[in-house]
Amino acid sequence: FFGLSLILYLGGIARQLTLTVHLMMLLTVASSLVFLVWMLCRDGFGSLKRLLTPGMVLYGLVFIFLAFTQFKLVSAVPDEASHWMDVLHAMQQTDTFGLAAEGRSYFGTYPPSISLLDFFGVTMGTILTARFMEPLAFLMRYLATLSLFLPFLSRLKTRGWVTVVLGACAFFTLPLMYSHLYFTSLMVDGMVGLLAGFCILYPHLGMESKLHKITYLLALFVLCLSKGNGVLFALAAVLLYGVICFKNNQSAQDGRHFLAKWGMVLAAAGIVLASWLSWKVLTAFHQPLFSQPWQNSFSPGLFQERLYICYMIVDFFFRATLDVGFIQVPCIAVLLLLLLGVSLMIGKHETLAPRRKPFFWTLAIFCLAYVAGISTSYLTVFGLWEAETLSSIDRYSYVVWLMLAYLLVMLVFLHLGALDGEQKKRWCTMALAVSVLLFSYAKVNQALLNGATVAHAHEIRDRYDVLVYRVDRAIPEDSAEIFLVSQETGYRDEFWYLRSLIRPHVIDNHNFNLAPEGQLSEEGIPCITMASYEESMAAAIAPERWREMLRD
């Protein structure tokens, strides 16, 4: 998955995303057939049995389960319409990244590594069915998530069913503890948390083989370009790797090994820097039309004006809760418990234990600094409406909670793999009992089993899809500029859904000068006008002004 994201990134730079998908599909089919024939020729059908590891069984069962329960799922969250799905449509339209000016995407400047995986799934579906296959974008996301668990599950070396049960419980419980939307939306925040945990812990599985080194560096690339905050988590992962590599009293025999580790630390830092710089250069080269349209630049005066929001932020962290099994625990308590659990499990890990204190305190300081940074952004950067409502603060801050929960569970898996005999049986029994108790039964049922999520998504989307179909039939041109009038809404969802789905036609109402002095009227024509909270989303335009706009 990491390598696929990198190859598609290079294809996007060459403005050949669709061709890259075709080539990757052909390469995948060809290599799979060659590998299968090679195995059969070498050992016959008996060699195929060795593919049926517990990890492969888990992967296959989860794939089948999600494919059957979510095969009709479509995006139905407003932030998806404005961000991730709009970027996917822009990618298909321009054959490059969403930041291309001709794509006219408001959030095309968001880093694309995870969106590229979604694009691969959608384009593969388009090639096979001639339709925009949104469910495959979700399926690619699920499989990429599951892949982050397998290297640690493989260390269990215990009975297959134990590995499968523990892996399935972790896969479904951790993301849903973070958000009930994880398996029903394409927002990337949860994936950022899991990737961060993966990049922090993966190098401590052992970096002797080239495969492990390449995987680690590719993981850092994907994390760095997963979202704007991904580079912070990638740098934290490199820093924590450096903390472990720094050991005192190295013997002469270990000197070469010590230098090799520091070489990997420098390579990791170089990958993060190169990834971040490459996206900055691409953004400057493409000169996107929009760039986070409702964020303010930092201002000390703005900070002072919004000090009253501090109380709301503190109140959120002490009052908002996370589901931990059958109980709800305040966010701040979950954070402290996770840090404590990670600290205890670090002490049981052979590689991490010698540097337990500096590793733990570096991790803890980063987590607290990130939460403080998110809180400060509401005082200094976000628009007033988002600041006063603490819009999406749970989604932004829970990334840290998910990262720590992932680290704790994977450290438990590594500890189980290091045990033997009766001790291993006792620990596995306890792990199974805890997994069953903490499993998100209600959320799994709501999100994946009862079909209500898929039905609700279509209830939201069908009316937009019908309207888009009618517009496409009425306007045969390849691209037309459309002015959106929505007279029965006080919100902006219609603007985001329709401008995303109606491509290659263009809905950019803000291009019109809607509010010259004296032209707005409370008795005028209500119309969605701007992608901004501070400016009226449903300004009443005087009939005379609207007549001029239409004539223009």
# chains A, B, ... in the order shown; residues from 1 in each chain; ligands from 1
>>> closest_atom_pairs(of="segment 126-184 of chain A", to="segment 397-409 of chain A", cutoff="12 Å", atoms="only C-alpha atoms", output="Markdown table")
| residue | atom | partner | partner_atom | distance |
| --- | --- | --- | --- | --- |
| A:Thr145 | CA | A:Tyr406 | CA | 11.5 |
| A:Leu148 | CA | A:Tyr406 | CA | 9.7 |
| A:Phe149 | CA | A:Tyr406 | CA | 8.9 |
| A:Phe152 | CA | A:Val409 | CA | 9.5 |
| A:Leu153 | CA | A:Val409 | CA | 10.2 |
| A:Leu166 | CA | A:Val409 | CA | 9.8 |
| A:Gly167 | CA | A:Val409 | CA | 9.9 |
| A:Cys169 | CA | A:Val409 | CA | 10.6 |
| A:Ala170 | CA | A:Val409 | CA | 7.5 |
| A:Phe171 | CA | A:Tyr406 | CA | 9.6 |
| A:Phe172 | CA | A:Tyr406 | CA | 11.8 |
| A:Thr173 | CA | A:Ala405 | CA | 10.1 |
| A:Leu174 | CA | A:Leu402 | CA | 6.8 |
| A:Pro175 | CA | A:Leu402 | CA | 7.1 |
| A:Leu176 | CA | A:Leu402 | CA | 9.5 |
| A:Met177 | CA | A:Leu402 | CA | 7.8 |
| A:Tyr178 | CA | A:Leu402 | CA | 6.0 |
| A:Ser179 | CA | A:Tyr398 | CA | 8.3 |
| A:Tyr182 | CA | A:Leu402 | CA | 11.5 |
>>> write_last_selection(atoms="N, CA and C atoms", output="PDB file, in the first residue's frame")
ATOM      1  N   THR A 145      -5.799   0.089   6.252  1.00  0.00           N
ATOM      2  CA  THR A 145      -5.829   0.110   7.715  1.00  0.00           C
ATOM      3  C   THR A 145      -5.455  -1.244   8.292  1.00  0.00           C
ATOM      4  N   LEU A 148      -1.796  -2.294   8.555  1.00  0.00           N
ATOM      5  CA  LEU A 148      -0.968  -1.722   9.619  1.00  0.00           C
ATOM      6  C   LEU A 148      -0.905  -2.625  10.853  1.00  0.00           C
ATOM      7  N   PHE A 149      -1.838  -3.564  10.973  1.00  0.00           N
ATOM      8  CA  PHE A 149      -1.869  -4.461  12.128  1.00  0.00           C
ATOM      9  C   PHE A 149      -1.057  -5.733  11.899  1.00  0.00           C
ATOM     10  N   PHE A 152       2.634  -6.799  13.314  1.00  0.00           N
ATOM     11  CA  PHE A 152       2.706  -7.030  14.759  1.00  0.00           C
ATOM     12  C   PHE A 152       1.960  -8.306  15.141  1.00  0.00           C
ATOM     13  N   LEU A 153       0.851  -8.580  14.444  1.00  0.00           N
ATOM     14  CA  LEU A 153       0.138  -9.829  14.700  1.00  0.00           C
ATOM     15  C   LEU A 153       0.993 -11.033  14.336  1.00  0.00           C
ATOM     16  N   LEU A 166      -7.861 -11.836  18.057  1.00  0.00           N
ATOM     17  CA  LEU A 166      -7.233 -10.629  18.592  1.00  0.00           C
ATOM     18  C   LEU A 166      -7.081  -9.563  17.511  1.00  0.00           C
ATOM     19  N   GLY A 167      -6.684  -9.980  16.317  1.00  0.00           N
ATOM     20  CA  GLY A 167      -6.522  -9.016  15.220  1.00  0.00           C
ATOM     21  C   GLY A 167      -7.834  -8.382  14.822  1.00  0.00           C
ATOM     22  N   CYS A 169     -10.579  -8.060  16.669  1.00  0.00           N
ATOM     23  CA  CYS A 169     -11.046  -7.170  17.744  1.00  0.00           C
ATOM     24  C   CYS A 169     -10.302  -5.841  17.708  1.00  0.00           C
ATOM     25  N   ALA A 170      -8.976  -5.898  17.527  1.00  0.00           N
ATOM     26  CA  ALA A 170      -8.196  -4.658  17.478  1.00  0.00           C
ATOM     27  C   ALA A 170      -8.570  -3.822  16.271  1.00  0.00           C
ATOM     28  N   PHE A 171      -8.748  -4.458  15.131  1.00  0.00           N
ATOM     29  CA  PHE A 171      -9.046  -3.738  13.890  1.00  0.00           C
ATOM     30  C   PHE A 171     -10.369  -2.993  13.971  1.00  0.00           C
ATOM     31  N   PHE A 172     -11.385  -3.617  14.556  1.00  0.00           N
ATOM     32  CA  PHE A 172     -12.704  -2.979  14.619  1.00  0.00           C
ATOM     33  C   PHE A 172     -12.869  -2.080  15.834  1.00  0.00           C
ATOM     34  N   THR A 173     -12.161  -2.368  16.929  1.00  0.00           N
ATOM     35  CA  THR A 173     -12.368  -1.612  18.162  1.00  0.00           C
ATOM     36  C   THR A 173     -11.605  -0.292  18.169  1.00  0.00           C
ATOM     37  N   LEU A 174     -10.325  -0.302  17.787  1.00  0.00           N
ATOM     38  CA  LEU A 174      -9.506   0.907  17.898  1.00  0.00           C
ATOM     39  C   LEU A 174     -10.061   2.061  17.062  1.00  0.00           C
ATOM     40  N   PRO A 175     -10.321   1.882  15.762  1.00  0.00           N
ATOM     41  CA  PRO A 175     -10.843   3.019  14.991  1.00  0.00           C
ATOM     42  C   PRO A 175     -12.198   3.507  15.476  1.00  0.00           C
ATOM     43  N   LEU A 176     -13.065   2.583  15.912  1.00  0.00           N
ATOM     44  CA  LEU A 176     -14.398   2.990  16.345  1.00  0.00           C
ATOM     45  C   LEU A 176     -14.368   3.661  17.708  1.00  0.00           C
ATOM     46  N   MET A 177     -13.348   3.374  18.516  1.00  0.00           N
ATOM     47  CA  MET A 177     -13.187   4.128  19.749  1.00  0.00           C
ATOM     48  C   MET A 177     -12.884   5.587  19.427  1.00  0.00           C
ATOM     49  N   TYR A 178     -12.135   5.796  18.343  1.00  0.00           N
ATOM     50  CA  TYR A 178     -11.803   7.153  17.907  1.00  0.00           C
ATOM     51  C   TYR A 178     -13.022   7.852  17.318  1.00  0.00           C
ATOM     52  N   SER A 179     -13.765   7.169  16.464  1.00  0.00           N
ATOM     53  CA  SER A 179     -14.901   7.817  15.806  1.00  0.00           C
ATOM     54  C   SER A 179     -15.838   6.766  15.236  1.00  0.00           C
ATOM     55  N   TYR A 182     -15.461   6.065  11.308  1.00  0.00           N
ATOM     56  CA  TYR A 182     -14.244   5.585  10.661  1.00  0.00           C
ATOM     57  C   TYR A 182     -14.540   4.668   9.486  1.00  0.00           C
TER      58      TYR A 182
END
>>> residues_around(residues="Asn229 of chain A", least_positions_apart="3", cutoff="10 Å", atoms="only C-alpha atoms", output="PyMOL selection string")
chain A and resi 111+189+192+223-226+232-234+370+396+399
>>> residues_around(residues="Ala452 of chain A", least_positions_apart="5", cutoff="12 Å", atoms="only C-alpha atoms", output="NGL selection string")
:A and (69-70 or 72-73 or 184 or 443-447 or 457-459)
>>> residues_around(residues="Asp478 of chain A", least_positions_apart="6", cutoff="12 Å", atoms="only C-alpha atoms", output="list of chain:residue names")
A:Gln93, A:Val471, A:Asp472, A:Ile502, A:Arg503, A:Pro504, A:His505, A:Val506
>>> write_last_selection(atoms="N, CA and C atoms", output="mmCIF file, in the first residue's frame")
data_model
loop_
_atom_site.group_PDB
_atom_site.id
_atom_site.type_symbol
_atom_site.label_atom_id
_atom_site.label_comp_id
_atom_site.auth_asym_id
_atom_site.auth_seq_id
_atom_site.Cartn_x
_atom_site.Cartn_y
_atom_site.Cartn_z
ATOM 1 N N GLN A 93 -10.862 14.270 -13.120
ATOM 2 C CA GLN A 93 -11.095 15.290 -14.144
ATOM 3 C C GLN A 93 -9.794 15.794 -14.756
ATOM 4 N N VAL A 471 -29.042 17.558 -14.657
ATOM 5 C CA VAL A 471 -28.192 18.640 -15.180
ATOM 6 C C VAL A 471 -27.332 18.128 -16.330
ATOM 7 N N ASP A 472 -26.758 16.942 -16.169
ATOM 8 C CA ASP A 472 -25.919 16.377 -17.229
ATOM 9 C C ASP A 472 -26.708 16.181 -18.521
ATOM 10 N N ILE A 502 -21.103 17.447 -9.642
ATOM 11 C CA ILE A 502 -21.550 17.940 -10.938
ATOM 12 C C ILE A 502 -20.407 18.115 -11.930
ATOM 13 N N ARG A 503 -19.177 17.815 -11.500
ATOM 14 C CA ARG A 503 -18.033 17.927 -12.397
ATOM 15 C C ARG A 503 -18.276 17.106 -13.670
ATOM 16 N N PRO A 504 -17.758 17.574 -14.818
ATOM 17 C CA PRO A 504 -16.831 18.700 -15.010
ATOM 18 C C PRO A 504 -17.487 20.081 -15.074
ATOM 19 N N HIS A 505 -18.816 20.135 -14.892
ATOM 20 C CA HIS A 505 -19.437 21.456 -14.775
ATOM 21 C C HIS A 505 -18.931 22.142 -13.507
ATOM 22 N N VAL A 506 -19.043 23.455 -13.467
ATOM 23 C CA VAL A 506 -18.431 24.241 -12.390
ATOM 24 C C VAL A 506 -19.510 24.997 -11.629
#
>>> residues_around(residues="Gln287 of chain A", least_positions_apart="4", cutoff="10 Å", atoms="only C-alpha atoms", output="ChimeraX atom specification")
/A:99-101,109,281-283,291
>>> write_last_selection(atoms="N, CA, C and O atoms", output="short mmCIF file (atom, residue, chain, number, x, y, z; two decimals), in the first residue's frame")
data_model
loop_
_atom_site.label_atom_id
_atom_site.label_comp_id
_atom_site.auth_asym_id
_atom_site.auth_seq_id
_atom_site.Cartn_x
_atom_site.Cartn_y
_atom_site.Cartn_z
N LEU A 99 -4.83 19.79 -6.51
CA LEU A 99 -4.42 21.20 -6.41
C LEU A 99 -4.29 21.88 -7.77
O LEU A 99 -4.05 23.09 -7.84
N ALA A 100 -4.41 21.12 -8.87
CA ALA A 100 -4.35 21.74 -10.19
C ALA A 100 -5.45 22.79 -10.32
O ALA A 100 -6.60 22.56 -9.93
N ALA A 101 -5.10 23.94 -10.86
CA ALA A 101 -6.04 25.06 -10.92
C ALA A 101 -7.31 24.69 -11.68
O ALA A 101 -8.42 25.08 -11.31
N THR A 109 -5.11 21.45 -1.89
CA THR A 109 -3.78 21.59 -1.32
C THR A 109 -3.54 20.60 -0.18
O THR A 109 -2.42 20.52 0.32
N VAL A 281 6.62 22.36 -3.26
CA VAL A 281 7.02 22.78 -4.61
C VAL A 281 5.88 22.57 -5.59
O VAL A 281 5.59 23.44 -6.44
N LEU A 282 5.20 21.43 -5.50
CA LEU A 282 4.07 21.16 -6.40
C LEU A 282 2.95 22.17 -6.19
O LEU A 282 2.33 22.64 -7.16
N THR A 283 2.69 22.52 -4.93
CA THR A 283 1.65 23.51 -4.65
C THR A 283 2.00 24.86 -5.26
O THR A 283 1.16 25.53 -5.86
N SER A 291 -7.00 28.10 -1.23
CA SER A 291 -6.13 27.53 -0.22
C SER A 291 -6.70 27.83 1.16
O SER A 291 -6.56 28.93 1.67
#
>>> select_by_dssp(residues="segment 271-356 of chain A", states="strand (DSSP E)", output="PyMOL selection string")
chain A and resi 321-324+327-330
>>> select_by_dssp(residues="segment 120-340 of chain A", states="alpha helix (DSSP H)", output="PyMOL selection string")
chain A and resi 120-129+134-147+150-153+160-178+189-201+210-224+230-245+255-286+300-305+309-319+331-340
>>> residues_around(residues="Thr389 of chain A", least_positions_apart="4", cutoff="10 Å", atoms="only C-alpha atoms", output="PyMOL selection string")
chain A and resi 309+312-313+378+384-385+393
>>> atom_distance(atom1="atom CA of Ile475 of chain A", atom2="atom CA of Arg499 of chain A")
15.0 Å
>>> atom_distance(atom1="atom CA of Glu477 of chain A", atom2="atom CA of Arg547 of chain A")
23.9 Å
>>> atom_distance(atom1="atom CA of Phe495 of chain A", atom2="atom CA of Arg306 of chain A")
29.4 Å
